[in-house]
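Trainee: start_8.cif is reproduced below (mmCIF, C-alpha atoms).
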data_run
loop_
_atom_site.group_PDB
_atom_site.id
_atom_site.type_symbol
_atom_site.label_atom_id
_atom_site.label_comp_id
_atom_site.auth_asym_id
_atom_site.auth_seq_id
_atom_site.Cartn_x
_atom_site.Cartn_y
_atom_site.Cartn_z
ATOM 1 C CA MET P 1 172.425 88.970 133.032
ATOM 2 C CA ASN P 2 170.803 90.856 130.154
ATOM 3 C CA SER P 3 167.883 93.163 130.802
ATOM 4 C CA PRO P 4 165.040 93.124 128.309
ATOM 5 C CA SER P 5 165.338 95.576 125.468
ATOM 6 C CA PRO P 6 162.991 98.538 125.034
ATOM 7 C CA SER P 7 161.382 96.759 122.055
ATOM 8 C CA TYR P 8 160.438 93.896 124.373
ATOM 9 C CA TYR P 9 158.557 96.321 126.648
ATOM 10 C CA LEU P 10 156.915 97.998 123.660
ATOM 11 C CA SER P 11 155.812 94.608 122.342
ATOM 12 C CA LEU P 12 154.469 93.657 125.775
ATOM 13 C CA LEU P 13 152.602 96.960 126.021
ATOM 14 C CA ALA P 14 151.158 96.529 122.496
ATOM 15 C CA ASN P 15 149.971 92.994 123.323
ATOM 16 C CA LEU P 16 148.376 94.224 126.528
ATOM 17 C CA ALA P 17 146.622 97.025 124.603
ATOM 18 C CA VAL P 18 145.285 94.480 122.084
ATOM 19 C CA LEU P 19 143.997 92.285 124.932
ATOM 20 C CA ILE P 20 142.266 95.240 126.583
ATOM 21 C CA GLY P 21 140.754 96.171 123.198
ATOM 22 C CA ILE P 22 139.397 92.641 122.725
ATOM 23 C CA VAL P 23 137.834 92.635 126.193
ATOM 24 C CA PHE P 24 136.274 96.045 125.533
ATOM 25 C CA LEU P 25 134.954 94.880 122.142
ATOM 26 C CA ALA P 26 133.397 91.764 123.711
ATOM 27 C CA PHE P 27 131.703 93.945 126.326
ATOM 28 C CA GLU P 28 130.359 96.296 123.643
ATOM 29 C CA LEU P 29 129.072 93.412 121.518
ATOM 30 C CA ARG P 30 127.240 91.935 124.473
ATOM 31 C CA GLN P 31 125.725 95.297 125.326
ATOM 32 C CA ASN P 32 124.611 95.819 121.697
ATOM 33 C CA SER P 33 123.120 92.314 121.651
ATOM 34 C CA ASP P 34 121.112 93.071 124.798
ATOM 35 C CA ILE P 35 119.874 96.309 123.224
ATOM 36 C CA ALA P 36 118.842 94.447 120.050
ATOM 37 C CA ARG P 37 116.932 91.842 122.094
ATOM 38 C CA THR P 38 115.117 94.487 124.083
ATOM 39 C CA SER P 39 114.292 96.442 120.953
ATOM 40 C CA GLU P 40 112.952 93.392 119.103
ATOM 41 C CA TYR P 41 110.758 92.417 122.040
ATOM 42 C CA ARG P 42 109.477 95.984 122.409
ATOM 43 C CA GLU P 43 108.659 96.203 118.687
ATOM 44 C CA ASN P 44 106.650 92.979 118.831
ATOM 45 C CA ILE P 45 104.791 94.121 121.936
ATOM 46 C CA GLN P 46 104.042 97.424 120.192
ATOM 47 C CA ALA P 47 102.741 95.541 117.138
ATOM 48 C CA LEU P 48 100.405 93.543 119.410
ATOM 49 C CA ALA P 49 99.180 96.755 121.022
ATOM 50 C CA GLU P 50 98.455 98.256 117.590
ATOM 51 C CA TRP P 51 96.670 95.053 116.577
ATOM 52 C CA ARG P 52 94.482 95.241 119.687
ATOM 53 C CA GLU P 53 93.801 98.900 118.996
ATOM 54 C CA VAL P 54 92.054 97.874 115.771
ATOM 55 C CA LEU P 55 89.558 95.933 117.903
ATOM 56 C CA VAL P 56 89.179 98.765 120.387
ATOM 57 C CA MET P 57 88.468 101.273 117.623
ATOM 58 C CA ASP P 58 85.937 99.092 115.785
ATOM 59 C CA SER P 59 83.304 97.695 118.128
ATOM 60 C CA ASP P 60 81.562 95.732 115.360
ATOM 61 C CA LEU P 61 84.794 93.997 114.431
ATOM 62 C CA ALA P 62 85.533 93.368 118.114
ATOM 63 C CA HIS P 63 82.101 91.816 118.567
ATOM 64 C CA ASN P 64 82.558 89.589 115.527
ATOM 65 C CA PHE P 65 86.086 88.668 116.596
ATOM 66 C CA GLU P 66 84.616 87.549 119.935
ATOM 67 C CA ILE P 67 82.130 85.377 118.035
ATOM 68 C CA TYR P 68 85.125 83.775 116.267
ATOM 69 C CA VAL P 69 86.934 83.255 119.614
ATOM 70 C CA GLN P 70 83.836 81.510 120.965
ATOM 71 C CA GLY P 71 84.111 79.019 118.099
ATOM 72 C CA ASN P 72 81.302 80.383 115.964
ATOM 73 C CA PHE P 73 83.268 81.722 112.998
ATOM 74 C CA SER P 74 80.966 80.039 110.471
ATOM 75 C CA THR P 75 77.994 82.043 111.796
ATOM 76 C CA LEU P 76 79.569 85.345 110.733
ATOM 77 C CA ASP P 77 78.465 86.911 107.469
ATOM 78 C CA GLU P 78 80.916 86.840 104.563
ATOM 79 C CA GLU P 79 82.198 90.378 105.115
ATOM 80 C CA TYR P 80 83.039 89.790 108.769
ATOM 81 C CA GLN P 81 84.588 86.409 108.029
ATOM 82 C CA ARG P 82 86.895 88.194 105.589
ATOM 83 C CA ARG P 83 87.735 90.951 108.080
ATOM 84 C CA VAL P 84 88.382 88.467 110.897
ATOM 85 C CA ARG P 85 90.611 86.377 108.580
ATOM 86 C CA TYR P 86 92.670 89.478 107.735
ATOM 87 C CA LEU P 87 92.931 90.356 111.401
ATOM 88 C CA ILE P 88 94.056 86.821 112.283
ATOM 89 C CA ASN P 89 96.643 86.735 109.498
ATOM 90 C CA ASN P 90 98.027 90.074 110.731
ATOM 91 C CA LEU P 91 98.244 88.639 114.233
ATOM 92 C CA PHE P 92 100.153 85.607 112.990
ATOM 93 C CA GLY P 93 102.546 87.945 111.199
ATOM 94 C CA ILE P 94 103.419 89.391 114.605
ATOM 95 C CA TYR P 95 103.798 85.920 116.108
ATOM 96 C CA GLU P 96 105.987 84.775 113.235
ATOM 97 C CA ASN P 97 108.195 87.842 113.566
ATOM 98 C CA ALA P 98 108.731 86.929 117.233
ATOM 99 C CA TYR P 99 109.381 83.290 116.225
ATOM 100 C CA ILE P 100 112.044 84.349 113.725
ATOM 101 C CA ALA P 101 113.627 86.601 116.347
ATOM 102 C CA ARG P 102 113.746 83.614 118.712
ATOM 103 C CA GLN P 103 115.208 81.334 116.029
ATOM 104 C CA ASN P 104 117.958 83.910 115.399
ATOM 105 C CA ASN P 105 118.671 84.311 119.130
ATOM 106 C CA ILE P 106 117.479 87.901 119.076
ATOM 107 C CA MET P 107 114.663 87.147 121.492
ATOM 108 C CA ASP P 108 115.325 85.090 124.608
ATOM 109 C CA GLU P 109 113.225 82.134 125.711
ATOM 110 C CA GLN P 110 111.356 84.120 128.361
ATOM 111 C CA GLY P 111 110.333 86.763 125.827
ATOM 112 C CA TRP P 112 109.305 84.103 123.314
ATOM 113 C CA GLN P 113 107.055 82.333 125.858
ATOM 114 C CA ARG P 114 104.577 85.213 125.835
ATOM 115 C CA PHE P 115 104.273 85.106 122.061
ATOM 116 C CA GLN P 116 104.232 81.312 121.908
ATOM 117 C CA THR P 117 101.299 81.161 124.318
ATOM 118 C CA GLY P 118 99.278 83.543 122.165
ATOM 119 C CA ALA P 119 100.325 81.840 118.934
ATOM 120 C CA CYS P 120 99.267 78.432 120.218
ATOM 121 C CA LEU P 121 95.971 79.734 121.580
ATOM 122 C CA HIS P 122 95.108 81.362 118.257
ATOM 123 C CA PHE P 123 96.469 78.459 116.220
ATOM 124 C CA ASN P 124 94.012 76.127 117.934
ATOM 125 C CA LEU P 125 91.178 78.606 117.350
ATOM 126 C CA VAL P 126 92.149 78.922 113.686
ATOM 127 C CA SER P 127 92.360 75.154 113.301
ATOM 128 C CA ALA P 128 88.940 74.649 114.883
ATOM 129 C CA SER P 129 87.451 77.327 112.620
ATOM 130 C CA ARG P 130 89.226 75.910 109.559
ATOM 131 C CA ILE P 131 90.760 79.262 108.712
ATOM 132 C CA PHE P 132 93.694 79.101 106.334
ATOM 133 C CA LEU P 133 96.764 81.078 107.441
ATOM 134 C CA THR P 134 97.751 82.793 104.227
ATOM 135 C CA PHE P 135 100.953 84.589 105.088
ATOM 136 C CA VAL P 136 102.924 82.326 107.436
ATOM 137 C CA THR P 137 106.021 80.499 106.252
ATOM 138 C CA GLU P 138 106.140 76.738 106.017
ATOM 139 C CA ASP P 139 108.699 76.643 108.846
ATOM 140 C CA PHE P 140 106.443 78.560 111.238
ATOM 141 C CA SER P 141 103.419 76.549 110.152
ATOM 142 C CA GLU P 142 105.283 73.316 110.960
ATOM 143 C CA TYR P 143 106.341 74.753 114.315
ATOM 144 C CA LEU P 144 102.708 75.537 115.155
ATOM 145 C CA GLU P 145 101.545 72.082 114.065
ATOM 146 C CA THR P 146 104.227 70.384 116.155
ATOM 147 C CA ASN P 147 104.103 72.520 119.290
ATOM 148 C CA CYS P 148 100.553 73.810 119.497
ATOM 149 C CA SER P 149 98.157 71.169 118.236
ATOM 150 C CA ARG P 150 95.803 69.871 120.883
#
For the structure just supplied, provide its representation as structure tokens.

Mentor:
Amino acid sequence: MNSPSPSYYLSLLANLAVLIGIVFLAFELRQNSDIARTSEYRENIQALAEWREVLVMDSDLAHNFEIYVQGNFSTLDEEYQRRVRYLINNLFGIYENAYIARQNNIMDEQGWQRFQTGACLHFNLVSASRIFLTFVTEDFSEYLETNCSR
């Protein structure tokens, strides 16, 4: 009976090392993916907080934004209609960023739900006020039409 040669053991050891390396790499990739998801969600939440800060810092704009939310956008003067439109388009930029992150599996479904709720709420307000969303992509616009229309 022949015993295995030293090269056999070296080959076995090398294959085992490769297998351990692959398992380690898979673990690292998963960990990096989790970090990317958390970071993307945090960045979108931070963008929403900064957006809200604009309203907190400008009471006139906040008051006029509330008039828009109540469905009375057309009663605002031209200057405040313009400012509210800019504010809304900035908000939809945040929502679309979250949507793209979800489409690319960077944001999980639970994280997306928070943004989707806000996007749909504001989409219906925008639609009722007949405000044109200037900066959203056609894909996101179609998503809103399909998933948010009352």

Trainee: Edge lengths and centre in Å to one decimal, as AutoDock Vina command-line options, of the axis-aligned box that encloses all listed atoms of segment 9-26 of chain P with 6 Å added on every side?

Mentor:
--center_x 146.0 --center_y 94.9 --center_z 124.4 --size_x 37.2 --size_y 18.2 --size_z 16.6

Trainee: Counting all atoms listed in the file, what is within 9 Å of segment 27-39 of chain P, bar same-chain residues fewer than 3 positions away, as a ChimeraX atom specification?

Mentor: /P:22-24,42-44,101,105-108

Trainee: Need to verify the contact set: Gly93 of chain P, 12 Å, all atoms listed in the file, exclusion of same-chain residues closer than 6 positions in sequence. Can you return it as a list of chain:residue names?

Mentor: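 Using all atoms listed in the file, the neighbours found are P:Asn44, P:Ala47, P:Leu48, P:Trp51, P:Tyr86, P:Leu87, P:Tyr99, P:Ile100, P:Phe115, P:Ala119, P:Leu133, P:Thr134, P:Phe135, P:Val136, P:Thr137, P:Phe140, P:Ser141.
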
Trainee: Taking all atoms listed in the file into account, name the residue in P:Asn90, P:Ala17, P:Ser149, P:Arg85 that is nearest to Ala128 of chain P.

Mentor: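 Closest to Ala128 of chain P, using all atoms listed in the file: P:Ser149.
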
Trainee: Skip Arg82 of chain P itself and residues of its chain fewer than 4 positions away, then list as an MDAnalysis selection string all residues within 12 Å of it, counting all atoms listed in the file.

Mentor: chainID P and resid 61 64:65 68 73:74 76:78 86:89 131:132

Trainee: With distances taken over all atoms listed in the file, which of P:Ser127, P:Ser7, P:Gln116, P:Asn2 is nearest to Ala98 of chain P?

Mentor: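 Going through P:Ser127, P:Ser7, P:Gln116, P:Asn2 one by one, the smallest distance to Ala98 of chain P is for P:Gln116.
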
Trainee: Figure out the distance between atom CA of Asn124 of chain P and atom CA of Ala49 of chain P, please, to one decimal in Å.

Mentor: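 These atoms are spaced 21.5 Å apart.
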
Trainee: From the set P:Val84, P:Ile45, P:Glu145, P:Tyr8, which residue has the shortest atom-to-atom contact distance to Val69 of chain P, counting only C-alpha atoms?

Mentor: P:Val84

Trainee: For atom CA of Val54 of chain P and atom CA of Asn97 of chain P, determine how far apart the two atoms are, in Å to one decimal place.

Mentor: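 These two atoms are separated by 19.1 Å.
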
Trainee: Determine the nearest neighbour of Gln81 of chain P from the options P:Ile67, P:Val18, P:Ile94, P:Met57, counting all atoms listed in the file.

Mentor: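 Result for the nearest residue to Gln81 of chain P: P:Ile67.
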
Trainee: Could you jot down the atom CA of Arg130 of chain P to atom CA of Gln113 of chain P separation for me, Å, one decimal place?

Mentor: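 Going from atom CA of Arg130 of chain P over to atom CA of Gln113 of chain P covers 25.0 Å.
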
Trainee: When distances are computed from all atoms listed in the file, which of P:Arg83, P:Thr146, P:Glu109, P:Leu91 shows the smallest separation from Asp58 of chain P?

Mentor: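 Looking at the shortest contact to Asp58 of chain P, the residue is P:Arg83.
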
Trainee: Counting all atoms listed in the file, which residue out of P:Ser129, P:Gln46, P:Ser11, P:Asn147 sits closest to Thr75 of chain P?

Mentor: P:Ser129
